[in-house]
>>> print(open('upload.txt').read())   # compact mmCIF, N, CA and C atoms
# COMPACT_ATOMS: atom_id res chain seq x y z
N VAL A 1 -39.95 44.04 4.64
CA VAL A 1 -39.19 43.66 3.46
C VAL A 1 -38.35 42.44 3.83
N TYR A 2 -38.40 41.45 2.99
CA TYR A 2 -37.66 40.20 3.21
C TYR A 2 -36.26 40.32 2.62
N LYS A 3 -35.25 40.06 3.46
CA LYS A 3 -33.86 40.06 2.99
C LYS A 3 -33.40 38.62 2.86
N ARG A 4 -32.84 38.32 1.76
CA ARG A 4 -32.35 36.95 1.53
C ARG A 4 -31.02 36.77 2.24
N GLN A 5 -30.96 35.78 3.10
CA GLN A 5 -29.75 35.46 3.84
C GLN A 5 -29.11 34.20 3.24
N PRO A 6 -27.79 34.16 3.27
CA PRO A 6 -27.14 32.93 2.78
C PRO A 6 -27.54 31.75 3.65
N PHE A 7 -27.65 30.61 3.01
CA PHE A 7 -28.03 29.39 3.73
C PHE A 7 -26.77 28.64 4.14
N TYR A 8 -26.65 28.36 5.40
CA TYR A 8 -25.54 27.58 5.93
C TYR A 8 -26.11 26.36 6.62
N SER A 9 -25.43 25.29 6.49
CA SER A 9 -25.88 24.04 7.10
C SER A 9 -24.71 23.39 7.81
N ASN A 10 -25.03 22.61 8.80
CA ASN A 10 -23.98 21.86 9.47
C ASN A 10 -23.85 20.46 8.87
N LEU A 11 -24.55 20.21 7.78
CA LEU A 11 -24.43 18.92 7.11
C LEU A 11 -23.08 18.85 6.42
N SER A 12 -22.43 17.73 6.57
CA SER A 12 -21.14 17.54 5.94
C SER A 12 -21.32 17.10 4.50
N THR A 13 -20.62 17.77 3.61
CA THR A 13 -20.64 17.36 2.21
C THR A 13 -19.27 16.86 1.77
N ASP A 14 -18.36 16.82 2.71
CA ASP A 14 -17.02 16.34 2.40
C ASP A 14 -17.03 14.84 2.20
N ILE A 15 -16.22 14.40 1.27
CA ILE A 15 -16.03 12.97 1.07
C ILE A 15 -14.75 12.59 1.78
N LYS A 16 -14.88 11.71 2.75
CA LYS A 16 -13.71 11.29 3.52
C LYS A 16 -12.86 10.38 2.64
N GLU A 17 -11.63 10.80 2.44
CA GLU A 17 -10.72 10.00 1.63
C GLU A 17 -10.09 8.93 2.50
N LEU A 18 -9.97 7.77 1.94
CA LEU A 18 -9.33 6.67 2.66
C LEU A 18 -7.83 6.90 2.70
N GLU A 19 -7.25 6.61 3.84
CA GLU A 19 -5.80 6.71 3.95
C GLU A 19 -5.19 5.63 3.07
N ASN A 20 -4.16 6.02 2.33
CA ASN A 20 -3.51 5.11 1.38
C ASN A 20 -4.51 4.52 0.39
N ALA A 21 -5.37 5.37 -0.15
CA ALA A 21 -6.41 4.90 -1.07
C ALA A 21 -5.80 4.28 -2.33
N GLU A 22 -4.59 4.67 -2.66
CA GLU A 22 -3.94 4.10 -3.83
C GLU A 22 -3.57 2.65 -3.55
N SER A 23 -3.82 1.79 -4.51
CA SER A 23 -3.50 0.38 -4.35
C SER A 23 -1.99 0.18 -4.25
N LEU A 24 -1.60 -0.81 -3.49
CA LEU A 24 -0.19 -1.14 -3.32
C LEU A 24 0.39 -1.65 -4.64
N SER A 25 1.55 -1.10 -5.01
CA SER A 25 2.28 -1.56 -6.19
C SER A 25 3.70 -1.92 -5.80
N VAL A 26 4.24 -2.93 -6.46
CA VAL A 26 5.63 -3.36 -6.24
C VAL A 26 6.33 -3.29 -7.59
N TYR A 27 7.50 -2.70 -7.62
CA TYR A 27 8.24 -2.60 -8.87
C TYR A 27 9.74 -2.63 -8.60
N PRO A 28 10.57 -3.13 -9.50
CA PRO A 28 10.12 -3.79 -10.73
C PRO A 28 9.47 -5.13 -10.42
N ASN A 29 8.54 -5.51 -11.24
CA ASN A 29 7.82 -6.76 -11.03
C ASN A 29 7.45 -7.31 -12.40
N PRO A 30 8.11 -8.35 -12.88
CA PRO A 30 9.03 -9.23 -12.15
C PRO A 30 10.37 -8.56 -11.88
N SER A 31 11.05 -9.10 -10.88
CA SER A 31 12.33 -8.55 -10.46
C SER A 31 13.43 -9.58 -10.62
N ASN A 32 14.56 -9.13 -11.08
CA ASN A 32 15.75 -9.98 -11.08
C ASN A 32 16.91 -9.24 -10.44
N GLY A 33 16.58 -8.20 -9.67
CA GLY A 33 17.59 -7.36 -9.04
C GLY A 33 17.76 -7.65 -7.57
N ASP A 34 18.34 -6.68 -6.91
CA ASP A 34 18.64 -6.82 -5.49
C ASP A 34 17.55 -6.25 -4.59
N GLU A 35 16.66 -5.42 -5.15
CA GLU A 35 15.70 -4.70 -4.32
C GLU A 35 14.41 -4.44 -5.10
N VAL A 36 13.27 -4.44 -4.39
CA VAL A 36 12.01 -4.01 -4.99
C VAL A 36 11.50 -2.81 -4.20
N PHE A 37 10.71 -1.98 -4.87
CA PHE A 37 10.21 -0.74 -4.30
C PHE A 37 8.69 -0.76 -4.24
N PHE A 38 8.14 -0.01 -3.28
CA PHE A 38 6.70 0.12 -3.13
C PHE A 38 6.29 1.55 -3.45
N ASN A 39 5.04 1.74 -3.84
CA ASN A 39 4.54 3.08 -4.12
C ASN A 39 4.06 3.79 -2.86
N GLN A 40 4.22 3.14 -1.71
CA GLN A 40 3.87 3.72 -0.42
C GLN A 40 4.71 3.06 0.66
N LYS A 41 4.87 3.72 1.76
CA LYS A 41 5.64 3.18 2.88
C LYS A 41 4.75 2.18 3.62
N ILE A 42 5.22 0.94 3.74
CA ILE A 42 4.38 -0.08 4.37
C ILE A 42 5.15 -0.91 5.39
N THR A 43 4.38 -1.51 6.28
CA THR A 43 4.83 -2.57 7.16
C THR A 43 4.16 -3.83 6.65
N GLY A 44 4.93 -4.90 6.45
CA GLY A 44 4.31 -6.08 5.88
C GLY A 44 5.16 -7.32 5.95
N GLN A 45 4.71 -8.29 5.17
CA GLN A 45 5.37 -9.59 5.12
C GLN A 45 5.44 -10.06 3.68
N VAL A 46 6.41 -10.94 3.44
CA VAL A 46 6.52 -11.61 2.14
C VAL A 46 6.35 -13.10 2.41
N TYR A 47 5.44 -13.72 1.65
CA TYR A 47 5.17 -15.16 1.77
C TYR A 47 5.51 -15.83 0.45
N ASN A 48 6.02 -17.07 0.55
CA ASN A 48 6.23 -17.82 -0.69
C ASN A 48 4.88 -18.36 -1.16
N ILE A 49 4.85 -18.98 -2.32
CA ILE A 49 3.59 -19.44 -2.89
C ILE A 49 2.91 -20.51 -2.04
N SER A 50 3.68 -21.16 -1.16
CA SER A 50 3.11 -22.16 -0.25
C SER A 50 2.53 -21.54 1.01
N GLY A 51 2.66 -20.21 1.14
CA GLY A 51 2.12 -19.52 2.31
C GLY A 51 3.07 -19.43 3.48
N VAL A 52 4.33 -19.78 3.27
CA VAL A 52 5.33 -19.73 4.33
C VAL A 52 5.94 -18.33 4.39
N LEU A 53 5.97 -17.75 5.59
CA LEU A 53 6.56 -16.43 5.78
C LEU A 53 8.06 -16.49 5.53
N VAL A 54 8.55 -15.65 4.61
CA VAL A 54 9.98 -15.65 4.29
C VAL A 54 10.66 -14.34 4.67
N LYS A 55 9.87 -13.28 4.92
CA LYS A 55 10.48 -11.99 5.23
C LYS A 55 9.42 -11.09 5.87
N SER A 56 9.82 -10.34 6.89
CA SER A 56 8.98 -9.31 7.50
C SER A 56 9.73 -7.99 7.46
N PHE A 57 8.99 -6.89 7.41
CA PHE A 57 9.63 -5.58 7.37
C PHE A 57 8.68 -4.53 7.95
N GLN A 58 9.26 -3.43 8.41
CA GLN A 58 8.47 -2.36 9.02
C GLN A 58 8.81 -1.01 8.42
N ASN A 59 7.76 -0.25 8.06
CA ASN A 59 7.88 1.12 7.57
C ASN A 59 8.94 1.28 6.48
N LYS A 60 8.77 0.54 5.40
CA LYS A 60 9.76 0.53 4.31
C LYS A 60 9.14 0.99 3.00
N TRP A 61 9.94 1.71 2.21
CA TRP A 61 9.61 2.04 0.83
C TRP A 61 10.17 0.99 -0.13
N SER A 62 11.12 0.17 0.37
CA SER A 62 11.73 -0.87 -0.46
C SER A 62 12.26 -1.97 0.45
N ILE A 63 12.48 -3.14 -0.16
CA ILE A 63 13.07 -4.26 0.59
C ILE A 63 14.07 -4.98 -0.30
N PRO A 64 15.11 -5.57 0.29
CA PRO A 64 16.06 -6.37 -0.49
C PRO A 64 15.42 -7.71 -0.86
N VAL A 65 15.70 -8.18 -2.06
CA VAL A 65 15.17 -9.48 -2.50
C VAL A 65 16.26 -10.39 -3.03
N PHE A 66 17.53 -10.00 -2.87
CA PHE A 66 18.65 -10.81 -3.38
C PHE A 66 18.69 -12.18 -2.73
N ASP A 67 18.10 -12.30 -1.53
CA ASP A 67 18.13 -13.56 -0.80
C ASP A 67 16.94 -14.47 -1.11
N LEU A 68 16.04 -14.03 -2.00
CA LEU A 68 14.88 -14.85 -2.35
C LEU A 68 15.17 -15.65 -3.62
N GLN A 69 14.78 -16.92 -3.60
CA GLN A 69 14.95 -17.76 -4.78
C GLN A 69 13.94 -17.36 -5.85
N SER A 70 14.22 -17.73 -7.07
CA SER A 70 13.27 -17.47 -8.15
C SER A 70 11.94 -18.11 -7.82
N GLY A 71 10.85 -17.39 -8.10
CA GLY A 71 9.53 -17.92 -7.82
C GLY A 71 8.50 -16.82 -7.63
N ILE A 72 7.33 -17.24 -7.20
CA ILE A 72 6.21 -16.32 -6.98
C ILE A 72 6.04 -16.12 -5.48
N TYR A 73 5.89 -14.86 -5.09
CA TYR A 73 5.73 -14.48 -3.69
C TYR A 73 4.53 -13.56 -3.55
N ILE A 74 4.03 -13.47 -2.35
CA ILE A 74 2.94 -12.56 -2.02
C ILE A 74 3.46 -11.54 -1.02
N VAL A 75 3.30 -10.25 -1.35
CA VAL A 75 3.66 -9.17 -0.43
C VAL A 75 2.36 -8.69 0.20
N ARG A 76 2.30 -8.72 1.53
CA ARG A 76 1.07 -8.34 2.24
C ARG A 76 1.31 -7.08 3.06
N ASN A 77 0.43 -6.10 2.87
CA ASN A 77 0.44 -4.87 3.65
C ASN A 77 -0.28 -5.15 4.96
N GLU A 78 0.45 -5.10 6.06
CA GLU A 78 -0.12 -5.45 7.36
C GLU A 78 -1.25 -4.51 7.79
N LYS A 79 -1.15 -3.24 7.41
CA LYS A 79 -2.11 -2.25 7.87
C LYS A 79 -3.52 -2.50 7.35
N ASN A 80 -3.64 -2.80 6.06
CA ASN A 80 -4.97 -2.96 5.48
C ASN A 80 -5.23 -4.35 4.89
N GLY A 81 -4.25 -5.24 4.98
CA GLY A 81 -4.43 -6.60 4.50
C GLY A 81 -4.30 -6.78 3.00
N GLU A 82 -4.03 -5.69 2.27
CA GLU A 82 -3.90 -5.78 0.83
C GLU A 82 -2.67 -6.62 0.46
N SER A 83 -2.81 -7.42 -0.58
CA SER A 83 -1.70 -8.27 -1.02
C SER A 83 -1.47 -8.10 -2.52
N VAL A 84 -0.21 -8.23 -2.91
CA VAL A 84 0.15 -8.20 -4.34
C VAL A 84 1.14 -9.32 -4.62
N LYS A 85 1.09 -9.80 -5.86
CA LYS A 85 2.01 -10.85 -6.29
C LYS A 85 3.34 -10.23 -6.69
N LEU A 86 4.41 -10.89 -6.29
CA LEU A 86 5.76 -10.48 -6.67
C LEU A 86 6.45 -11.68 -7.32
N VAL A 87 7.01 -11.47 -8.50
CA VAL A 87 7.71 -12.53 -9.22
C VAL A 87 9.20 -12.22 -9.17
N ILE A 88 9.97 -13.19 -8.69
CA ILE A 88 11.43 -13.10 -8.67
C ILE A 88 11.96 -14.02 -9.76
N GLN A 89 12.77 -13.48 -10.68
CA GLN A 89 13.30 -14.28 -11.79
C GLN A 89 14.70 -14.75 -11.48
>>> encode(input="upload.txt", output="structure tokens")
Amino acid sequence: VYKRQPFYSNLSTDIKELENAESLSVYPNPSNGDEVFFNQKITGQVYNISGVLVKSFQNKWSIPVFDLQSGIYIVRNEKNGESVKLVIQ
């Protein structure tokens, strides 16, 4: 007599989730305040529109921006290279 046994496999069916799969966001954006916040803790840099490094930071949820002149900046996540535009009014 044949007994049906459960089938088990060592094949992986899990989908590996990317660390920090959520895209980087900066808010408020545009900003006219003293500080901007990120939706994740990042180490990164802030560049002006000419590509000049104006600020570096490590493991931050937010950074002060009171010292930045009005204009367009790029915030770059050092870990994965993702960049977002930041507007200071």
>>> residues_near_point(input="upload.txt", point="(14.1, -12.1, -10.6)", cutoff="9 Å", atoms="only C-alpha atoms", output="VMD selection string")
chain A and resid 29 to 34 65 to 66 68 to 71 87 to 89
>>> residues_around(input="upload.txt", residues="A:Lys55", least_positions_apart="6", cutoff="8 Å", atoms="only C-alpha atoms", output="ChimeraX atom specification")
/A:45-47
>>> write_last_selection(input="upload.txt", atoms="N, CA and C atoms", output="PDB file, in the coordinates of the input")
ATOM      1  N   GLN A  45       4.710  -8.290   5.170  1.00  0.00           N
ATOM      2  CA  GLN A  45       5.370  -9.590   5.120  1.00  0.00           C
ATOM      3  C   GLN A  45       5.440 -10.060   3.680  1.00  0.00           C
ATOM      4  N   VAL A  46       6.410 -10.940   3.440  1.00  0.00           N
ATOM      5  CA  VAL A  46       6.520 -11.610   2.140  1.00  0.00           C
ATOM      6  C   VAL A  46       6.350 -13.100   2.410  1.00  0.00           C
ATOM      7  N   TYR A  47       5.440 -13.720   1.650  1.00  0.00           N
ATOM      8  CA  TYR A  47       5.170 -15.160   1.770  1.00  0.00           C
ATOM      9  C   TYR A  47       5.510 -15.830   0.450  1.00  0.00           C
TER      10      TYR A  47
END
>>> select_by_dssp(input="upload.txt", residues="stretch 32-68 of chain A", states="strand (DSSP E or B)", output="list of chain:residue names")
A:Glu35, A:Val36, A:Phe37, A:Phe38, A:Asn39, A:Gln40, A:Lys41, A:Ile42, A:Thr43, A:Gly44, A:Gln45, A:Val46, A:Tyr47, A:Asn48, A:Leu53, A:Val54, A:Lys55, A:Ser56, A:Phe57, A:Gln58, A:Asn59, A:Lys60, A:Trp61, A:Ser62, A:Ile63, A:Pro64
>>> write_last_selection(input="upload.txt", atoms="N, CA and C atoms", output="compact mmCIF listing (two decimals), keeping the file's coordinate frame")
# COMPACT_ATOMS: atom_id res chain seq x y z
N GLU A 35 16.66 -5.42 -5.15
CA GLU A 35 15.70 -4.70 -4.32
C GLU A 35 14.41 -4.44 -5.10
N VAL A 36 13.27 -4.44 -4.39
CA VAL A 36 12.01 -4.01 -4.99
C VAL A 36 11.50 -2.81 -4.20
N PHE A 37 10.71 -1.98 -4.87
CA PHE A 37 10.21 -0.74 -4.30
C PHE A 37 8.69 -0.76 -4.24
N PHE A 38 8.14 -0.01 -3.28
CA PHE A 38 6.70 0.12 -3.13
C PHE A 38 6.29 1.55 -3.45
N ASN A 39 5.04 1.74 -3.84
CA ASN A 39 4.54 3.08 -4.12
C ASN A 39 4.06 3.79 -2.86
N GLN A 40 4.22 3.14 -1.71
CA GLN A 40 3.87 3.72 -0.42
C GLN A 40 4.71 3.06 0.66
N LYS A 41 4.87 3.72 1.76
CA LYS A 41 5.64 3.18 2.88
C LYS A 41 4.75 2.18 3.62
N ILE A 42 5.22 0.94 3.74
CA ILE A 42 4.38 -0.08 4.37
C ILE A 42 5.15 -0.91 5.39
N THR A 43 4.38 -1.51 6.28
CA THR A 43 4.83 -2.57 7.16
C THR A 43 4.16 -3.83 6.65
N GLY A 44 4.93 -4.90 6.45
CA GLY A 44 4.31 -6.08 5.88
C GLY A 44 5.16 -7.32 5.95
N GLN A 45 4.71 -8.29 5.17
CA GLN A 45 5.37 -9.59 5.12
C GLN A 45 5.44 -10.06 3.68
N VAL A 46 6.41 -10.94 3.44
CA VAL A 46 6.52 -11.61 2.14
C VAL A 46 6.35 -13.10 2.41
N TYR A 47 5.44 -13.72 1.65
CA TYR A 47 5.17 -15.16 1.77
C TYR A 47 5.51 -15.83 0.45
N ASN A 48 6.02 -17.07 0.55
CA ASN A 48 6.23 -17.82 -0.69
C ASN A 48 4.88 -18.36 -1.16
N LEU A 53 5.97 -17.75 5.59
CA LEU A 53 6.56 -16.43 5.78
C LEU A 53 8.06 -16.49 5.53
N VAL A 54 8.55 -15.65 4.61
CA VAL A 54 9.98 -15.65 4.29
C VAL A 54 10.66 -14.34 4.67
N LYS A 55 9.87 -13.28 4.92
CA LYS A 55 10.48 -11.99 5.23
C LYS A 55 9.42 -11.09 5.87
N SER A 56 9.82 -10.34 6.89
CA SER A 56 8.98 -9.31 7.50
C SER A 56 9.73 -7.99 7.46
N PHE A 57 8.99 -6.89 7.41
CA PHE A 57 9.63 -5.58 7.37
C PHE A 57 8.68 -4.53 7.95
N GLN A 58 9.26 -3.43 8.41
CA GLN A 58 8.47 -2.36 9.02
C GLN A 58 8.81 -1.01 8.42
N ASN A 59 7.76 -0.25 8.06
CA ASN A 59 7.88 1.12 7.57
C ASN A 59 8.94 1.28 6.48
N LYS A 60 8.77 0.54 5.40
CA LYS A 60 9.76 0.53 4.31
C LYS A 60 9.14 0.99 3.00
N TRP A 61 9.94 1.71 2.21
CA TRP A 61 9.61 2.04 0.83
C TRP A 61 10.17 0.99 -0.13
N SER A 62 11.12 0.17 0.37
CA SER A 62 11.73 -0.87 -0.46
C SER A 62 12.26 -1.97 0.45
N ILE A 63 12.48 -3.14 -0.16
CA ILE A 63 13.07 -4.26 0.59
C ILE A 63 14.07 -4.98 -0.30
N PRO A 64 15.11 -5.57 0.29
CA PRO A 64 16.06 -6.37 -0.49
C PRO A 64 15.42 -7.71 -0.86
>>> closest_residue(input="upload.txt", among="A:Ile49, A:Phe37, A:Ser83, A:Val75", to="A:Ser62", atoms="all atoms listed in the file")
A:Phe37
>>> residues_near_point(input="upload.txt", point="(7.6, -6.7, -2.1)", cutoff="7 Å", atoms="all atoms listed in the file", output="PyMOL selection string")
chain A and resi 26-27+36-38+46+63+74-76+86
>>> atom_distance(input="upload.txt", atom1="atom C of A:Gln40", atom2="atom CA of A:Tyr73")
18.1 Å
>>> atom_distance(input="upload.txt", atom1="atom C of A:Asp67", atom2="atom N of A:Glu35")
9.9 Å
>>> atom_distance(input="upload.txt", atom1="atom C of A:Glu82", atom2="atom N of A:Lys41")
12.9 Å
>>> closest_residue(input="upload.txt", among="A:Lys60, A:Gly51, A:Leu24, A:Asn77", to="A:Asn39", atoms="only C-alpha atoms")
A:Leu24
>>> axis_aligned_box(input="upload.txt", around="stretch 56-60 of chain A", padding_each_side="6 Å", output="lines of an AutoDock Vina configuration file")
center_x = 8.8
center_y = -4.5
center_z = 6.0
size_x = 14.1
size_y = 23.6
size_z = 18.0
